[in-house]
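Data from start.pdb: PDB, C-alpha atoms
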MODEL        1
ATOM      1  CA  MET A   1     -31.200  24.349 -14.734
ATOM      2  CA  SER A   2     -29.952  21.416 -12.683
ATOM      3  CA  SER A   3     -32.130  19.900 -10.003
ATOM      4  CA  HIS A   4     -29.050  19.602  -7.756
ATOM      5  CA  SER A   5     -28.385  22.425  -5.357
ATOM      6  CA  ALA A   6     -24.893  23.396  -4.266
ATOM      7  CA  SER A   7     -25.792  22.427  -0.710
ATOM      8  CA  GLU A   8     -25.709  18.709  -1.628
ATOM      9  CA  PHE A   9     -21.905  18.723  -1.832
ATOM     10  CA  PRO A  10     -19.864  17.943   0.084
ATOM     11  CA  PRO A  11     -21.981  15.384   1.957
ATOM     12  CA  SER A  12     -23.417  16.818   5.169
ATOM     13  CA  GLU A  13     -21.336  14.511   7.399
ATOM     14  CA  ILE A  14     -18.142  16.086   6.040
ATOM     15  CA  ARG A  15     -19.020  19.785   6.284
ATOM     16  CA  ASP A  16     -18.269  20.552   9.940
ATOM     17  CA  ILE A  17     -14.810  18.961  10.102
ATOM     18  CA  LEU A  18     -13.993  20.318   6.618
ATOM     19  CA  GLN A  19     -14.783  23.834   7.787
ATOM     20  CA  GLN A  20     -12.644  23.376  10.907
ATOM     21  CA  VAL A  21      -9.665  22.122   8.876
ATOM     22  CA  THR A  22      -9.823  24.683   6.077
ATOM     23  CA  THR A  23     -10.255  27.536   8.569
ATOM     24  CA  LEU A  24      -7.236  26.351  10.595
ATOM     25  CA  LEU A  25      -5.034  26.072   7.512
ATOM     26  CA  LYS A  26      -6.093  29.512   6.236
ATOM     27  CA  GLN A  27      -5.530  31.146   9.648
ATOM     28  CA  ARG A  28      -2.065  29.587   9.912
ATOM     29  CA  GLY A  29      -1.047  30.240   6.294
ATOM     30  CA  GLU A  30      -0.344  26.514   5.849
ATOM     31  CA  THR A  31      -0.959  24.195   2.909
ATOM     32  CA  ILE A  32      -2.249  20.687   2.282
ATOM     33  CA  SER A  33      -1.776  18.044  -0.399
ATOM     34  CA  ILE A  34      -3.675  14.773  -0.649
ATOM     35  CA  ALA A  35      -2.917  11.154  -1.596
ATOM     36  CA  GLU A  36      -6.120   9.133  -1.464
ATOM     37  CA  THR A  37      -7.205   5.735  -2.702
ATOM     38  CA  ALA A  38     -10.566   4.355  -1.527
ATOM     39  CA  ALA A  39     -12.017   7.837  -0.876
ATOM     40  CA  GLY A  40     -11.817   8.272  -4.647
ATOM     41  CA  GLY A  41     -11.147  12.006  -4.749
ATOM     42  CA  LEU A  42     -13.712  12.938  -2.109
ATOM     43  CA  ILE A  43     -11.062  14.393   0.217
ATOM     44  CA  SER A  44      -9.647  16.674  -2.487
ATOM     45  CA  SER A  45     -13.011  17.664  -3.968
ATOM     46  CA  SER A  46     -14.332  18.508  -0.499
ATOM     47  CA  ILE A  47     -11.422  20.905   0.070
ATOM     48  CA  LEU A  48     -11.887  22.394  -3.402
ATOM     49  CA  SER A  49     -15.571  23.063  -2.697
ATOM     50  CA  THR A  50     -14.421  25.604  -0.072
ATOM     51  CA  PRO A  51     -14.006  29.259  -1.097
ATOM     52  CA  GLY A  52     -10.326  30.242  -0.913
ATOM     53  CA  ALA A  53      -9.132  26.665  -1.446
ATOM     54  CA  SER A  54      -6.414  27.848  -3.846
ATOM     55  CA  GLY A  55      -4.629  29.436  -0.887
ATOM     56  CA  ILE A  56      -4.280  26.145   1.004
ATOM     57  CA  TYR A  57      -4.511  23.281  -1.529
ATOM     58  CA  LYS A  58      -1.280  22.260  -3.295
ATOM     59  CA  GLY A  59      -2.805  19.346  -5.203
ATOM     60  CA  GLY A  60      -3.795  15.748  -4.837
ATOM     61  CA  LEU A  61      -3.648  12.299  -6.322
ATOM     62  CA  THR A  62      -6.225   9.544  -6.404
ATOM     63  CA  LEU A  63      -3.978   6.490  -6.431
ATOM     64  CA  TYR A  64      -6.675   3.878  -6.861
ATOM     65  CA  THR A  65      -4.682   1.305  -8.830
ATOM     66  CA  LEU A  66      -1.282  -0.262  -8.281
ATOM     67  CA  PRO A  67      -0.001   1.036 -11.682
ATOM     68  CA  SER A  68      -0.964   4.592 -10.644
ATOM     69  CA  ARG A  69       1.185   4.165  -7.527
ATOM     70  CA  ILE A  70       4.172   3.160  -9.683
ATOM     71  CA  ALA A  71       3.577   6.166 -11.954
ATOM     72  CA  TYR A  72       2.991   8.815  -9.277
ATOM     73  CA  ALA A  73       3.935   7.569  -5.806
ATOM     74  CA  GLY A  74       7.403   6.094  -6.224
ATOM     75  CA  TRP A  75       6.283   2.469  -6.029
ATOM     76  CA  THR A  76       8.355  -0.242  -7.686
ATOM     77  CA  GLN A  77       7.568  -3.699  -8.959
ATOM     78  CA  GLN A  78       8.958  -4.975  -5.618
ATOM     79  CA  THR A  79       6.440  -2.822  -3.713
ATOM     80  CA  ILE A  80       3.623  -4.256  -5.832
ATOM     81  CA  GLU A  81       4.793  -7.850  -5.368
ATOM     82  CA  GLY A  82       4.812  -7.413  -1.587
ATOM     83  CA  TYR A  83       1.442  -5.620  -1.477
ATOM     84  CA  LYS A  84      -1.002  -7.102   1.049
ATOM     85  CA  GLY A  85      -3.621  -4.351   1.150
ATOM     86  CA  PRO A  86      -3.794  -0.966   2.878
ATOM     87  CA  THR A  87      -1.638  -0.401   5.984
ATOM     88  CA  THR A  88      -0.297   2.542   7.964
ATOM     89  CA  ASP A  89       3.152   1.882   6.411
ATOM     90  CA  ILE A  90       1.662   2.262   2.942
ATOM     91  CA  VAL A  91      -0.144   5.524   3.698
ATOM     92  CA  SER A  92       2.962   6.887   5.469
ATOM     93  CA  GLY A  93       4.990   6.234   2.337
ATOM     94  CA  LEU A  94       2.367   7.820   0.091
ATOM     95  CA  ALA A  95       2.175  10.918   2.314
ATOM     96  CA  LYS A  96       5.947  11.384   2.461
ATOM     97  CA  HIS A  97       6.363  10.969  -1.293
ATOM     98  CA  VAL A  98       3.573  13.391  -2.225
ATOM     99  CA  ARG A  99       4.636  16.014   0.344
ATOM    100  CA  LYS A 100       8.170  15.986  -1.061
ATOM    101  CA  ASP A 101       6.835  16.484  -4.599
ATOM    102  CA  LEU A 102       4.141  19.088  -3.822
ATOM    103  CA  GLU A 103       5.995  20.897  -1.006
ATOM    104  CA  SER A 104       2.938  21.341   1.211
ATOM    105  CA  THR A 105       2.974  21.918   4.972
ATOM    106  CA  TYR A 106       0.962  18.712   5.394
ATOM    107  CA  THR A 107       0.106  15.742   3.215
ATOM    108  CA  LEU A 108      -2.930  13.706   4.146
ATOM    109  CA  SER A 109      -2.994  10.141   2.843
ATOM    110  CA  GLU A 110      -5.798   7.575   2.922
ATOM    111  CA  SER A 111      -6.075   3.945   1.838
ATOM    112  CA  GLY A 112      -8.873   1.621   2.759
ATOM    113  CA  THR A 113     -11.386  -0.992   1.732
ATOM    114  CA  ALA A 114     -14.687   0.715   0.909
ATOM    115  CA  GLY A 115     -16.582  -2.441  -0.043
ATOM    116  CA  PRO A 116     -18.963  -3.938  -0.790
ATOM    117  CA  THR A 117     -16.478  -6.809  -1.153
ATOM    118  CA  GLY A 118     -13.098  -7.310   0.475
ATOM    119  CA  GLY A 119     -10.817  -9.987   1.838
ATOM    120  CA  GLN A 120     -10.304 -12.060   4.954
ATOM    121  CA  THR A 121      -7.541 -10.107   6.725
ATOM    122  CA  PRO A 122      -8.644  -7.174   8.933
ATOM    123  CA  ASN A 123      -7.190  -4.560   6.542
ATOM    124  CA  ARG A 124      -9.078  -6.080   3.597
ATOM    125  CA  LYS A 125     -12.453  -6.109   5.355
ATOM    126  CA  PRO A 126     -14.863  -3.414   4.113
ATOM    127  CA  GLY A 127     -14.757  -0.408   6.424
ATOM    128  CA  TYR A 128     -11.016  -0.615   7.196
ATOM    129  CA  VAL A 129      -9.004   2.548   6.559
ATOM    130  CA  ALA A 130      -5.389   3.553   7.178
ATOM    131  CA  LEU A 131      -4.598   7.268   7.427
ATOM    132  CA  ALA A 132      -1.419   9.321   7.629
ATOM    133  CA  VAL A 133      -0.489  12.977   7.898
ATOM    134  CA  ASP A 134       3.118  13.842   7.074
ATOM    135  CA  CYS A 135       4.663  17.154   8.167
ATOM    136  CA  ASP A 136       7.942  18.519   9.515
ATOM    137  CA  ARG A 137       7.090  17.110  12.969
ATOM    138  CA  GLY A 138       6.839  13.558  11.646
ATOM    139  CA  THR A 139       4.293  11.186  10.167
ATOM    140  CA  PHE A 140       1.145  10.676  12.221
ATOM    141  CA  VAL A 141      -0.879   7.528  11.507
ATOM    142  CA  GLN A 142      -4.210   6.020  12.452
ATOM    143  CA  GLU A 143      -6.160   2.939  11.416
ATOM    144  CA  LEU A 144      -9.752   2.059  12.144
ATOM    145  CA  ASN A 145     -12.829   0.262  10.900
ATOM    146  CA  THR A 146     -15.952   2.334  10.342
ATOM    147  CA  GLY A 147     -18.249  -0.554  11.249
ATOM    148  CA  LEU A 148     -20.295   0.220   8.117
ATOM    149  CA  GLU A 149     -19.283  -3.094   6.516
ATOM    150  CA  GLY A 150     -20.033  -3.111   2.765
ATOM    151  CA  ASP A 151     -21.669   0.352   2.506
ATOM    152  CA  ARG A 152     -19.266   1.682  -0.138
ATOM    153  CA  VAL A 153     -20.449   5.308  -0.242
ATOM    154  CA  GLY A 154     -20.915   5.435   3.531
ATOM    155  CA  ASN A 155     -17.338   4.206   3.982
ATOM    156  CA  MET A 156     -15.965   6.744   1.498
ATOM    157  CA  ILE A 157     -17.664   9.544   3.439
ATOM    158  CA  ARG A 158     -16.488   8.216   6.823
ATOM    159  CA  PHE A 159     -12.916   7.734   5.508
ATOM    160  CA  THR A 160     -12.979  11.421   4.514
ATOM    161  CA  VAL A 161     -14.330  12.559   7.905
ATOM    162  CA  GLU A 162     -11.725  10.484   9.770
ATOM    163  CA  ALA A 163      -8.950  11.776   7.501
ATOM    164  CA  PHE A 164      -9.912  15.401   8.173
ATOM    165  CA  THR A 165     -10.198  14.654  11.904
ATOM    166  CA  LEU A 166      -6.634  13.292  11.998
ATOM    167  CA  LEU A 167      -5.444  16.317  10.012
ATOM    168  CA  ARG A 168      -7.127  18.703  12.463
ATOM    169  CA  ASP A 169      -5.543  16.921  15.429
ATOM    170  CA  VAL A 170      -2.095  17.091  13.812
ATOM    171  CA  VAL A 171      -2.450  20.786  12.909
ATOM    172  CA  GLU A 172      -3.593  21.581  16.471
ATOM    173  CA  GLY A 173      -0.716  19.567  17.964
ATOM    174  CA  LYS A 174      -3.040  17.020  19.608
ATOM    175  CA  ALA A 175      -2.051  13.921  17.604
ATOM    176  CA  LYS A 176       0.570  11.536  19.015
ATOM    177  CA  LEU A 177       3.437  10.147  16.955
TER     178      LEU A 177
ENDMDL
END

Structure encoded using structure tokens:
Amino acid sequence: MSSHSASEFPPSEIRDILQQVTTLLKQRGETISIAETAAGGLISSSILSTPGASGIYKGGLTLYTLPSRIAYAGWTQQTIEGYKGPTTDIVSGLAKHVRKDLESTYTLSESGTAGPTGGQTPNRKPGYVALAVDCDRGTFVQELNTGLEGDRVGNMIRFTVEAFTLLRDVVEGKAKL
């Protein structure tokens, strides 16, 4: 018998927005696919922890390394050579590519710098995340810094919450292109 209870996952900070998003998708008969990097699978596993997930989840990729992006996200050696860290252009491209392949209503894409270390440019500082949701209405993007600095797990959780929040706003028609 494990000492872990089911209530420990997903993290408590994620549960409310996760429930909002999965309920919306189920009610609307719509589907989601995921392309995530710094969240490390937390976005997908959170959705899959929800009963009835098979009705809304088309699949997901954790594209943590540059070679994985060549293999699964349509990147080329030229893309890699020009890579300067996560941006809204990068997550837009990931979302469009994965949505085409998995044929979901929406694809949610995330790329960030979870920490504890990073770089000097704003998008390489721990806490930075770029998000995109691609759908028939267009590709909606957002970028932000969590302010959690080098708290790796805290950033992964916040990246997931912010990703689901953008998805909810897009599904509800509140996000701006």

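The closest residue to Gly41 in chain A, picked from A:Thr22, A:Thr62, A:Gln142, A:Thr160 and counting only C-alpha atoms, is A:Thr62.
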
Tell me which of A:Leu66, A:Ala175, A:Asp16, A:Asp136 sits closest to Glu103 in chain A, counting all atoms listed in the file.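 Under the stated criterion, the closest residue is A:Asp136.
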
**OP:** Counting all atoms listed in the file, figure out which residue out of A:Ala130, A:Leu48, A:Val21, A:Ile70 gets nearest to Ser92 in chain A.
**Re:**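 So, comparing all the options, the nearest one is A:Ala130.
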
query: Which one is closest to Asn145 in chain A: A:Phe9, A:Tyr128, A:Tyr83, A:Phe164? Count all atoms listed in the file.
result: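 Residue with the minimum atom-to-atom distance to Asn145 in chain A: A:Tyr128.
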
Of A:Ile157, A:Val98, A:Gly74, A:Glu172, the one nearest to Arg15 in chain A when counting only C-alpha atoms is A:Ile157

Find the residues around range 106-108 of chain A up to 9 Å (all atoms listed in the file counted), leave out those fewer than 4 positions away in its own chain, and share them as a list in words.
Glu30, Thr31, Ile32, Ser33, Ile34, Ala35, Glu36, Gly60, Val91, Leu94, Ala95, Lys96, Val98, Arg99, Leu102, Leu131, Ala132, Val133, Asp134, Cys135, Asp136, Ala163, Phe164, Leu166, Leu167 and Val171 of chain A

Requested in this report: Considering all atoms listed in the file, state which residue in the set A:Leu61, A:Val129, A:Ile90, A:Ile56 is at the smallest distance from Leu148 in chain A.
Outcome: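 Of all the options, A:Val129 lies closest to Leu148 in chain A.
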
*asked:* I'd like the neighbourhood of Arg158 in chain A as a list in words, where a residue qualifies if any of its atoms comes within 9 Å (using all atoms listed in the file), though same-chain residues fewer than 5 positions away should be ignored.
replied: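 Within the cut-off, the hits are Glu13, Ile14, Ala39, Gly127, Thr146, Leu148, Val153 and Ala163 of chain A.
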
From CA of Gly112 in chain A to CA of Ser49 in chain A the spacing works out at 23.1 Å

Query raised in the report: Any chance you could work out the residue set of the PyMOL selection byres ((chain A and resi 149) around 10) here, as an MDAnalysis selection string?
Result: chainID A and resid 113:118 125:128 145:148 150:152 154:155

Given 4 Å of margin on each side, can you work out the centre and size in Å (one decimal) of an axis-aligned box holding every listed atom of range 109-122 of chain A, as JSON?
{"center_x": -11.0, "center_y": -1.0, "center_z": 3.9, "size_x": 24.0, "size_y": 30.2, "size_z": 18.1}

Complete range 100-131 of chain A with N, CA and C atoms (output as a tab-separated table (two decimals), in the coordinates of the input).
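Saved the output as rebuild_19.tsv:
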chain	number	residue	atom	x	y	z
A	100	LYS	N	6.88	15.60	-0.47
A	100	LYS	CA	8.17	15.99	-1.06
A	100	LYS	C	7.94	16.61	-2.45
A	101	ASP	N	7.08	15.99	-3.24
A	101	ASP	CA	6.84	16.48	-4.60
A	101	ASP	C	6.04	17.79	-4.62
A	102	LEU	N	5.03	17.92	-3.76
A	102	LEU	CA	4.14	19.09	-3.82
A	102	LEU	C	4.51	20.18	-2.82
A	103	GLU	N	5.46	19.90	-1.94
A	103	GLU	CA	6.00	20.90	-1.01
A	103	GLU	C	4.90	21.60	-0.18
A	104	SER	N	4.00	20.81	0.35
A	104	SER	CA	2.94	21.34	1.21
A	104	SER	C	3.36	21.22	2.68
A	105	THR	N	2.72	22.01	3.54
A	105	THR	CA	2.97	21.92	4.97
A	105	THR	C	2.61	20.52	5.47
A	106	TYR	N	1.48	20.03	5.00
A	106	TYR	CA	0.96	18.71	5.39
A	106	TYR	C	0.57	17.94	4.15
A	107	THR	N	0.75	16.61	4.20
A	107	THR	CA	0.11	15.74	3.22
A	107	THR	C	-0.72	14.73	3.98
A	108	LEU	N	-1.97	14.64	3.57
A	108	LEU	CA	-2.93	13.71	4.15
A	108	LEU	C	-3.08	12.55	3.17
A	109	SER	N	-2.92	11.32	3.68
A	109	SER	CA	-2.99	10.14	2.84
A	109	SER	C	-4.00	9.16	3.42
A	110	GLU	N	-4.75	8.52	2.53
A	110	GLU	CA	-5.80	7.58	2.92
A	110	GLU	C	-5.74	6.35	2.03
A	111	SER	N	-5.89	5.17	2.61
A	111	SER	CA	-6.08	3.94	1.84
A	111	SER	C	-6.93	2.99	2.65
A	112	GLY	N	-7.97	2.49	2.03
A	112	GLY	CA	-8.87	1.62	2.76
A	112	GLY	C	-9.58	0.64	1.86
A	113	THR	N	-10.54	-0.04	2.45
A	113	THR	CA	-11.39	-0.99	1.73
A	113	THR	C	-12.83	-0.51	1.88
A	114	ALA	N	-13.36	0.10	0.83
A	114	ALA	CA	-14.69	0.72	0.91
A	114	ALA	C	-15.82	-0.31	0.78
A	115	GLY	N	-15.54	-1.43	0.14
A	115	GLY	CA	-16.58	-2.44	-0.04
A	115	GLY	C	-17.24	-2.28	-1.41
A	116	PRO	N	-18.28	-3.02	-1.71
A	116	PRO	CA	-18.96	-3.94	-0.79
A	116	PRO	C	-18.21	-5.23	-0.51
A	117	THR	N	-17.22	-5.57	-1.38
A	117	THR	CA	-16.48	-6.81	-1.15
A	117	THR	C	-15.11	-6.48	-0.59
A	118	GLY	N	-14.43	-7.49	-0.09
A	118	GLY	CA	-13.10	-7.31	0.48
A	118	GLY	C	-12.43	-8.66	0.63
A	119	GLY	N	-11.54	-8.74	1.60
A	119	GLY	CA	-10.82	-9.99	1.84
A	119	GLY	C	-10.99	-10.46	3.26
A	120	GLN	N	-10.16	-11.43	3.64
A	120	GLN	CA	-10.30	-12.06	4.95
A	120	GLN	C	-9.50	-11.37	6.05
A	121	THR	N	-8.36	-10.75	5.70
A	121	THR	CA	-7.54	-10.11	6.72
A	121	THR	C	-8.22	-8.81	7.17
A	122	PRO	N	-7.96	-8.37	8.41
A	122	PRO	CA	-8.64	-7.17	8.93
A	122	PRO	C	-8.52	-5.95	8.02
A	123	ASN	N	-7.37	-5.74	7.38
A	123	ASN	CA	-7.19	-4.56	6.54
A	123	ASN	C	-7.81	-4.71	5.15
A	124	ARG	N	-8.37	-5.88	4.87
A	124	ARG	CA	-9.08	-6.08	3.60
A	124	ARG	C	-10.58	-6.19	3.81
A	125	LYS	N	-11.02	-6.06	5.07
A	125	LYS	CA	-12.45	-6.11	5.36
A	125	LYS	C	-13.07	-4.74	5.06
A	126	PRO	N	-14.24	-4.70	4.40
A	126	PRO	CA	-14.86	-3.41	4.11
A	126	PRO	C	-15.03	-2.59	5.39
A	127	GLY	N	-14.69	-1.32	5.29
A	127	GLY	CA	-14.76	-0.41	6.42
A	127	GLY	C	-13.40	-0.08	7.01
A	128	TYR	N	-12.37	-0.88	6.69
A	128	TYR	CA	-11.02	-0.62	7.20
A	128	TYR	C	-10.42	0.57	6.45
A	129	VAL	N	-9.75	1.46	7.19
A	129	VAL	CA	-9.00	2.55	6.56
A	129	VAL	C	-7.73	2.83	7.35
A	130	ALA	N	-6.66	3.10	6.60
A	130	ALA	CA	-5.39	3.55	7.18
A	130	ALA	C	-5.20	5.00	6.74
A	131	LEU	N	-4.76	5.84	7.68
A	131	LEU	CA	-4.60	7.27	7.43
A	131	LEU	C	-3.23	7.72	7.88
